[in-house]
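**Student:** Below are the structure tokens for one structure; questions will follow.
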Amino acid sequence: MSDRRNMLLLLSALLVVSVSAFVEELDDTFLETKGADEIWLIKFYSPRCAICKQLDPVWHLIGSELKSLGSHVNVGRSDASMNPALAKEFQVRGYPTIAMLKKDKKYLYSGPRNRDAIMDFANRVEGPLVRSLSSLQLFQHAMSRRDVMFCYVGATSELKGNYTLAAEELIIHTYFFSASKDVLPKAVSLPSLPAVVVFKDGTFFTYSEDHDGDLKSWINRERFPNYFKIDSYTLYSMGETGKLVLLALVKSHCEESLRLKGLVEKVAAEYRDFYSRSFHFGFMEDTDYISGLVMGDVIVPSFIVVNLTNDGYFLPPVAMETERQLLDFMNDVVDGNIEIPAREDDDDDDDVIRPQPIADDDDDVIRPQPIADKKTD
């Protein structure tokens, strides 16, 4: 029995060493010693950070999988408390921070801390900024794997140059594709070329500079489905779009939750032309992030409008029983007729930090962050 136990311990140790061999420890000399064409996926951590420790098995698995797939992405990690110069180069403000380095350009990751999401980020940034789709089959395959897909259609033009520039910054969030008109499904009819098209919600929308303004801003606004289930990471990322978020806060096995979800979905679909520039729409089951935002308990099921550009929120003044009431509430928010509720801890100086960041008590640097996934793949 003792020999068997020792053998199992030895095999476990060998497995850890084998997997760890694919993750390199990086120090302040990294930028001076790395190769010019190397691509790196890096986790910045603190030994005192509990979330960082939870991420360790996932990180080693990612290193092993990328290597086995023949990826050109090298995987590393750096103790930011011991290597402050490297952390400063990547603008590390909290732990863990995940970033990629590709040809001296740095990309910060803001998605869920699980294997699938981080692997997708690595593959997205490693590849070309704009991926060419040369056949209908490739187009349909790309569409089947994504809820939202951007595609440039046409020959080389100034619009394509602007599209590529937008991709340089927004590749951290979404894929960018290009195709000729012949590649598109017959149901996709474009009035003129070149064009930038977003495919989502079972249909497509074409960018118009006159109507939509700056291309990069339009892509940033349109990179989410019109209505969908929102988690804390996605909600946090929505703050970059400048749009408000109308949420149905719901729970399972609840008829009232189903009614609220249906009401938001109906408004999102039927009034897209009126509200798509101002609102995202969705529902949320885990309300911990919202509780941190309002600094208190929230009623579930209920509605809330969140403004992540200033960490503000708006609550309906009365129960929302009808579509008309919900529309009036949204209009009052946009028109500034509803005040942001006062928080118990607010004072005249308004120096309260909100929402509450999720970080180790011992961490020296803290920034507001969404709650980490409990699941580690």
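Chain labels follow the order of the structure tokens: the first chain is A, the next B, and so on; residue numbering restarts at 1 in every chain, and ligands are counted from 1 in their shown order.
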Which residues are near A:Lys34? Cut-off 12 Å, only C-alpha atoms, ignore same chain within fewer than 5 positions. Put them as a PDB file with N, CA and C atoms, in the first residue's frame.
**Tutor:**
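What follows is the written file around37.pdb:
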ATOM      1  N   GLU A  24       6.523  29.744 -18.340  1.00  0.00           N
ATOM      2  CA  GLU A  24       7.826  30.291 -17.960  1.00  0.00           C
ATOM      3  C   GLU A  24       7.664  31.447 -16.973  1.00  0.00           C
ATOM      4  N   LEU A  26       8.654  34.905 -15.599  1.00  0.00           N
ATOM      5  CA  LEU A  26       9.247  36.075 -16.236  1.00  0.00           C
ATOM      6  C   LEU A  26       9.619  37.129 -15.200  1.00  0.00           C
ATOM      7  N   ASP A  27      10.739  37.833 -15.461  1.00  0.00           N
ATOM      8  CA  ASP A  27      11.169  38.882 -14.537  1.00  0.00           C
ATOM      9  C   ASP A  27      11.314  40.201 -15.293  1.00  0.00           C
ATOM     10  N   ASP A  28      11.900  41.186 -14.638  1.00  0.00           N
ATOM     11  CA  ASP A  28      11.999  42.527 -15.219  1.00  0.00           C
ATOM     12  C   ASP A  28      12.879  42.597 -16.458  1.00  0.00           C
ATOM     13  N   THR A  29      13.643  41.555 -16.725  1.00  0.00           N
ATOM     14  CA  THR A  29      14.494  41.565 -17.920  1.00  0.00           C
ATOM     15  C   THR A  29      13.782  41.016 -19.157  1.00  0.00           C
ATOM     16  N   ILE A  39       5.404  35.805 -29.454  1.00  0.00           N
ATOM     17  CA  ILE A  39       4.074  36.153 -28.952  1.00  0.00           C
ATOM     18  C   ILE A  39       3.924  35.534 -27.570  1.00  0.00           C
ATOM     19  N   TRP A  40       3.486  36.346 -26.615  1.00  0.00           N
ATOM     20  CA  TRP A  40       3.409  35.873 -25.227  1.00  0.00           C
ATOM     21  C   TRP A  40       2.038  36.126 -24.620  1.00  0.00           C
ATOM     22  N   ASN A  74       3.690  31.721 -26.569  1.00  0.00           N
ATOM     23  CA  ASN A  74       4.400  31.289 -25.369  1.00  0.00           C
ATOM     24  C   ASN A  74       3.608  31.734 -24.146  1.00  0.00           C
ATOM     25  N   GLY A  76       3.581  32.589 -20.083  1.00  0.00           N
ATOM     26  CA  GLY A  76       4.428  32.941 -18.950  1.00  0.00           C
ATOM     27  C   GLY A  76       3.618  33.512 -17.812  1.00  0.00           C
ATOM     28  N   LEU A 101       1.365  39.905 -25.563  1.00  0.00           N
ATOM     29  CA  LEU A 101       2.349  40.745 -26.233  1.00  0.00           C
ATOM     30  C   LEU A 101       2.608  40.156 -27.608  1.00  0.00           C
ATOM     31  N   LYS A 102       2.379  40.991 -28.650  1.00  0.00           N
ATOM     32  CA  LYS A 102       2.578  40.548 -30.022  1.00  0.00           C
ATOM     33  C   LYS A 102       3.246  41.672 -30.806  1.00  0.00           C
ATOM     34  N   LYS A 103       4.485  41.438 -31.210  1.00  0.00           N
ATOM     35  CA  LYS A 103       5.250  42.450 -31.943  1.00  0.00           C
ATOM     36  C   LYS A 103       5.242  43.793 -31.213  1.00  0.00           C
ATOM     37  N   ASP A 104       5.537  43.732 -29.931  1.00  0.00           N
ATOM     38  CA  ASP A 104       5.664  44.902 -29.067  1.00  0.00           C
ATOM     39  C   ASP A 104       4.341  45.614 -28.795  1.00  0.00           C
TER      40      ASP A 104
END
**Student:** Quick one: residues within 10 Å of A:Ser132, only C-alpha atoms, excluding same-chain residues fewer than 3 positions away - as a ChimeraX atom specification?
**Tutor:** /A:128-129,135,138-139,151-152,176-180
**Student:** Which residues in stretch 234-336 of chain A does DSSP call alpha helix (DSSP H)? List them as a PyMOL selection string.
**Tutor:** chain A and resi 234-238+255-270+272-275+288-294+323-334
**Student:** Write out as a ChimeraX atom specification each polymer residue whose atoms come within 8 Å of stretch 201-218 of chain A, counting only C-alpha atoms; drop sequence neighbours fewer than 4 positions from it.
**Tutor:** /A:147-148,162-163,166,188,190,195-197,222,225-226,241
**Student:** Closest to A:Ile171 among A:Ser134, A:Asn220, A:Ser157, A:Ser78, using only C-alpha atoms?
**Tutor:** A:Asn220
**Student:** Smallest atom-to-atom distance to A:Ser81: which of A:Cys49, A:Ala248, A:Met330, A:Met284, using only C-alpha atoms?
**Tutor:**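 Checking each candidate against A:Ser81, we get A:Cys49 as the closest.
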**Student:** Within 9 Å of A:His280, counting only C-alpha atoms, which residues qualify if same-chain residues fewer than 2 places away don't, as a ChimeraX atom specification?
**Tutor:** /A:221,224-227,238,243-247,268,275-278,282
**Student:** Output C-alpha atoms for every residue in that selection, as a PDB file, in the first residue's frame.
**Tutor:**
ATOM      1  CA  ARG A 221     -21.377  49.416 -29.441  1.00  0.00           C
ATOM      2  CA  PHE A 224     -22.905  42.386 -28.061  1.00  0.00           C
ATOM      3  CA  PRO A 225     -26.168  40.619 -28.964  1.00  0.00           C
ATOM      4  CA  ASN A 226     -29.260  42.783 -28.740  1.00  0.00           C
ATOM      5  CA  TYR A 227     -30.614  40.737 -25.813  1.00  0.00           C
ATOM      6  CA  MET A 238     -20.076  46.905 -21.466  1.00  0.00           C
ATOM      7  CA  LYS A 243     -24.261  52.686 -23.338  1.00  0.00           C
ATOM      8  CA  LEU A 244     -26.705  52.107 -20.496  1.00  0.00           C
ATOM      9  CA  VAL A 245     -27.685  48.523 -19.647  1.00  0.00           C
ATOM     10  CA  LEU A 246     -31.299  47.583 -18.943  1.00  0.00           C
ATOM     11  CA  LEU A 247     -31.261  44.403 -16.867  1.00  0.00           C
ATOM     12  CA  ALA A 268     -35.109  45.080 -27.222  1.00  0.00           C
ATOM     13  CA  TYR A 275     -32.849  52.549 -28.244  1.00  0.00           C
ATOM     14  CA  SER A 276     -29.902  50.647 -29.729  1.00  0.00           C
ATOM     15  CA  ARG A 277     -27.606  53.684 -29.523  1.00  0.00           C
ATOM     16  CA  SER A 278     -28.409  54.198 -25.836  1.00  0.00           C
ATOM     17  CA  GLY A 282     -30.300  41.471 -21.059  1.00  0.00           C
TER      18      GLY A 282
END
**Student:** Measure the distance from atom CA of A:Ile230 to atom CA of A:Leu249 in Å and round it to one decimal.
**Tutor:**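 These atoms are spaced 10.1 Å apart.
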